[in-house]
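Let me begin by presenting the structure, written as structure tokens, before commenting on it.
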Amino acid sequence: MTQRTATLHDPQSAPAADDGLGPAELAAKYGLSVSGARPGLAEYTRQLWGRRHFINEFAKARTAAQYTQARLGQLWQVMTPLLNAAVYYLIFGLLLGTSKGIDNFIAFLVTGIFIFTFTQSSVMSGVRAVAGNLGLIRALHFPRASMPVALTLMQLQQLMMSMFVLVAIVLMTGETPRWSWFLAIPALLTQWVFNTGLAMIVARLGSKMTDLTQLMPFILRTWMYVSGVMYSIAKMAASAPHFVRILLDINPVAVYIDLMRFALISSVTSSQLPPHVWASAVGWAVVTGVGGYIYFWKAEEHYGRG
Amino acid sequence: MAVAEQQTTLADAPVPVTGTSGSQVPTVICDDVHIVYTVHGAGTGKGSAAAALYRLVSRKGSPNVRRVHAVRGVSFTSYRGEAIGIIGSNGSGKSTILRAIAGLLPPESGRIYTDGQPSLLGVNAALMNDLTGATNVILGGLAMGMSQEEVRSRYKGIVEFSGINEKGDFISLPMRTYSSGMAARLRFSIAAAKNHDVLMIDEALATGDRAFQKRSEARIRELRKEAGTVFLVSHNNNSIRDTCDRVLWLEKGELLMDGPTDEVLKAYEAHTGK
């Protein structure tokens, strides 16, 4: 312990008054930490795990509040994906005829749209995860990663509603329940991890670059058109150069859409899937999930400032 | 930490703490803190799309960005069990220094050390306006790190303390329907439900009615007894006199005076000509 002498406490020169210790030494002695410093990755993860109930409740409350202003209320959770599917069926199935050569095009299209929407809405809510919750972030202290995680969890809950619609549509189009339907569960889980990582990346970007909210819809629409949502990549890109084909196949959203179609639609067989499809599904989830988490944590102390 | 040793060393010092134990454990140390704001969208310069594009192409910084030196070299140390009032005219940097202590604003130079995580309760610290008061209580508690059981057991106490339900069942209405006073009361009740090492209150009590102010002052005294430090920003000198034993007087971002409540308030009132 440092040599100390009893001195009169003079508030005017308070920091140095405590026995001649400098502010930094005094802070070190009593175990004070620098305000607003970022905790280590392990400690941060522990804090985040400690807030799991908060994350869950936040997602539930936000879902419940989403449609309170609309007359039809929670019915919109089912209506929105249904109407989306109807619009795309009208344009791509009936008017443009991209359905040629695809068995059970309705199930094919609806699966693609629902799975793409999951990633799309995760990204869109991720962009606003920090900027849209500034009140909460400035008022209370919690690991900020709770926000993007809670928002993607909310999208997962939303997707569960869509999955009921999807199963109903798939059954109506003449599919019969098979054991392979259970493959939908690992497919959804890996996609959720991927989405969460992606949401954390755009959350950090969006907290600084507010222009991203305006730009994101265009990026996402481009992404949708190259992901084989309303056409079959295998048929469309049959004559494309090899590297284009690989790029299209490795696109994470296309991977997750392929897996879900493979799980639910009997005419989509494993021979139509790109090679190593499960490996790339897990790979994307791990790389984006871990990478996004670390990337978000790196700027933890900057969220809500300014 | 060696509590006994601190007590013997500091026993003869004229302690600014009254009514609490004499141990002098620092909770917040500000060491020559300077805070500079970067303000976007300041001034009335060219705001057209063409001008913005030109700036982007020519890689010039926006002329609308201005730097405001809000806090200039503030140093002080607060100890456990203290309630510290912060006074000064509007725009003197009171809220800014609190936000820096809470870790929400980085100091330009100097350092702020804190014991644990300080909580700031500000006027415009809205929670979630589209959710009901009840949901806000639960989410607020969970976000502060309470367990589900803790939130459940304290829920009734929080609602009762806020007095939101005194005039009917308002707790089940969305928070956007609350008056500013009601919202401030609920926010304070949620934040005060937890024992904080350092709690900072930024005029959050100003909008509450007299009965609620009395209740919250009692709660502030309780928090101090639980060995926390409370900072209170207020323009109401009486409320500072009732709750605080030490006062910091900020003016133009500088610490003008730091001492016992009566002394500083007397000087402040003389200065403002009351």
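By order in the structure tokens, chains are A, B, ...; within a chain, residues start at 1; ligands start at 1, following the order shown.
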Problem set entry | Backbone DSSP call of strand (DSSP E or B) for stretch 20-265 of chain B, listed as a ChimeraX atom specification | /B:26-39,66-79,83-87,109-114,119-121,132,174,198-202,229-233,246-251,254-260
Problem set entry | Residue contacts of B:Asp245 (12 Å, only C-alpha atoms) excluding same-chain residues fewer than 4 positions away, as a PyMOL selection string | chain B and resi 15-20+78-79+81-86+221+224+229-232+239-241+258-265
For this session: Could you give me, as a list in words, the residues within 8 Å of B:Cys30, counting only C-alpha atoms and dropping anything in the same chain fewer than 5 positions from it?
Result: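 With the cut-off at 8 Å, the set is Pro15 and Pro23 of chain A; Val74, Ser75, Phe76, Thr77, Gly110, Arg111, Ile112 and Tyr113 of chain B.
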Export, as a PDB file, in the first residue's frame, the selected residues with N, CA and C atoms.
ATOM      1  N   PRO A  15      -9.804  15.484  -5.850  1.00  0.00           N
ATOM      2  CA  PRO A  15      -9.184  14.274  -6.379  1.00  0.00           C
ATOM      3  C   PRO A  15      -7.856  13.945  -5.726  1.00  0.00           C
ATOM      4  N   PRO A  23      -5.484  10.899  -8.858  1.00  0.00           N
ATOM      5  CA  PRO A  23      -6.799  10.321  -9.188  1.00  0.00           C
ATOM      6  C   PRO A  23      -6.697   8.887  -9.700  1.00  0.00           C
TER       7      PRO A  23
ATOM      8  N   VAL B  74     -13.228  19.960 -15.222  1.00  0.00           N
ATOM      9  CA  VAL B  74     -13.902  19.733 -13.946  1.00  0.00           C
ATOM     10  C   VAL B  74     -13.230  18.568 -13.215  1.00  0.00           C
ATOM     11  N   SER B  75     -12.912  18.795 -11.935  1.00  0.00           N
ATOM     12  CA  SER B  75     -12.334  17.729 -11.111  1.00  0.00           C
ATOM     13  C   SER B  75     -13.076  17.667  -9.793  1.00  0.00           C
ATOM     14  N   PHE B  76     -13.499  16.494  -9.395  1.00  0.00           N
ATOM     15  CA  PHE B  76     -14.034  16.314  -8.042  1.00  0.00           C
ATOM     16  C   PHE B  76     -14.065  14.831  -7.735  1.00  0.00           C
ATOM     17  N   THR B  77     -14.221  14.518  -6.461  1.00  0.00           N
ATOM     18  CA  THR B  77     -14.355  13.127  -6.050  1.00  0.00           C
ATOM     19  C   THR B  77     -15.597  13.015  -5.177  1.00  0.00           C
ATOM     20  N   GLY B 110      -8.905  14.057 -20.033  1.00  0.00           N
ATOM     21  CA  GLY B 110      -9.215  13.767 -18.646  1.00  0.00           C
ATOM     22  C   GLY B 110      -9.898  12.426 -18.531  1.00  0.00           C
ATOM     23  N   ARG B 111     -10.091  11.988 -17.297  1.00  0.00           N
ATOM     24  CA  ARG B 111     -10.636  10.648 -17.087  1.00  0.00           C
ATOM     25  C   ARG B 111     -11.725  10.679 -16.040  1.00  0.00           C
ATOM     26  N   ILE B 112     -12.671   9.776 -16.167  1.00  0.00           N
ATOM     27  CA  ILE B 112     -13.696   9.602 -15.150  1.00  0.00           C
ATOM     28  C   ILE B 112     -13.644   8.159 -14.673  1.00  0.00           C
ATOM     29  N   TYR B 113     -13.453   7.982 -13.375  1.00  0.00           N
ATOM     30  CA  TYR B 113     -13.458   6.635 -12.800  1.00  0.00           C
ATOM     31  C   TYR B 113     -14.736   6.483 -11.994  1.00  0.00           C
TER      32      TYR B 113
END
For this session: Choose the residue, out of B:Gly103, B:Gly73, B:Gly163, B:Gly140, that has the smallest atom-to-atom separation from chain A; count only C-alpha atoms.
Result: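 Looking only at the distances to chain A, the closest residue turns out to be B:Gly103.
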For this session: Find the residues around B:Arg187 up to 9 Å (only C-alpha atoms counted), leave out those fewer than 3 positions away in its own chain, and share them as a list in words.
Result: Leu121, Ala125, Ala126, Leu127, Asn136, Val137, Gly140, Ser162, Met182, Ala183, Ala184, Ile190, Ala191, Ala192 and Ala204 of chain B
Exercise. What does the distance between atom CA of A:Val149 and atom CA of A:Met230 come to in Å, to one decimal place?
Worked result: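 Taking atom CA of A:Val149 and atom CA of A:Met230, their separation equals 29.0 Å.
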For this session: Excluding stretch 284-291 of chain A and any residue of its chain fewer than 6 positions from it, enumerate the residues within 9 Å of it, using only C-alpha atoms, and give them as a PyMOL selection string.
Result: chain A and resi 189-198+200-201+252
Exercise. Restricting the calculation to only C-alpha atoms, which member of B:Met257, B:Trp249, B:Phe188, B:Asn195 is positioned closest to chain A?
Worked result: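 Residue with the minimum atom-to-atom distance to chain A: B:Met257.
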Problem set entry | Pick from A:Thr152, A:Gln214, A:Gln66, A:Ser33, whichever lies nearest to B:Ile101 using only C-alpha atoms |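 Among the listed residues, A:Ser33 lies closest to B:Ile101.
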Exercise. How far is it from atom CA of A:Phe114 to atom CA of A:Val170, in Å with one decimal?
Worked result: 12.7 Å
Exercise. How many Å lie between atom CA of B:Ile201 and atom CA of B:Phe170, rounded to one decimal?
Worked result: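 Computing it gives 24.4 Å between the two atoms.
Among the candidates A:Thr68, A:Thr176, A:Gln47, A:Thr213, the residue lying nearest to A:Met124 is A:Thr213 (atoms considered: only C-alpha atoms).
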Seminar exercise, completed: Between A:Leu26, A:Ala37, A:Leu83, A:Val167, smallest distance to A:Ile265 by only C-alpha atoms belongs to A:Val167
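Each of B:Ala52, B:Leu199, B:Ile35, B:Ile29 was checked against chain A using only C-alpha atoms; the smallest atom-to-atom distance is that of B:Ile29.
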For this session: Going by DSSP on the backbone, which bits of stretch 159-264 of chain B are alpha helix (DSSP H)? Write them as an MDAnalysis selection string, please.
Result: chainID B and resid 159:162 180:192 210:225 237:243 261:264
Which polymer residues have any atom within 9 Å of an atom of A:Lys208, counting only C-alpha atoms, with same-chain residues fewer than 4 positions away left out, as a CSV table (one decimal) with N, CA and C atoms, in the first residue's frame?
chain,number,residue,atom,x,y,z
A,131,ALA,N,-30.2,2.8,-33.4
A,131,ALA,CA,-30.8,4.1,-33.6
A,131,ALA,C,-32.3,4.2,-33.2
A,203,ALA,N,-26.3,-3.3,-37.5
A,203,ALA,CA,-26.6,-2.5,-36.3
A,203,ALA,C,-25.5,-1.5,-36.0
A,204,ARG,N,-24.2,-2.1,-36.0
A,204,ARG,CA,-23.1,-1.2,-35.8
A,204,ARG,C,-22.9,-0.2,-36.9
A,303,TYR,N,-22.2,3.1,-28.6
A,303,TYR,CA,-23.6,3.1,-28.9
A,303,TYR,C,-24.4,4.1,-28.0
For this session: With a distance cut-off of 8 Å and only C-alpha atoms, select the neighbouring residues of B:Leu173, excluding the residue or stretch itself and same-chain residues fewer than 2 positions from it, and output the selection as a ChimeraX atom specification.
Result: /B:131-133,169-171,175,177
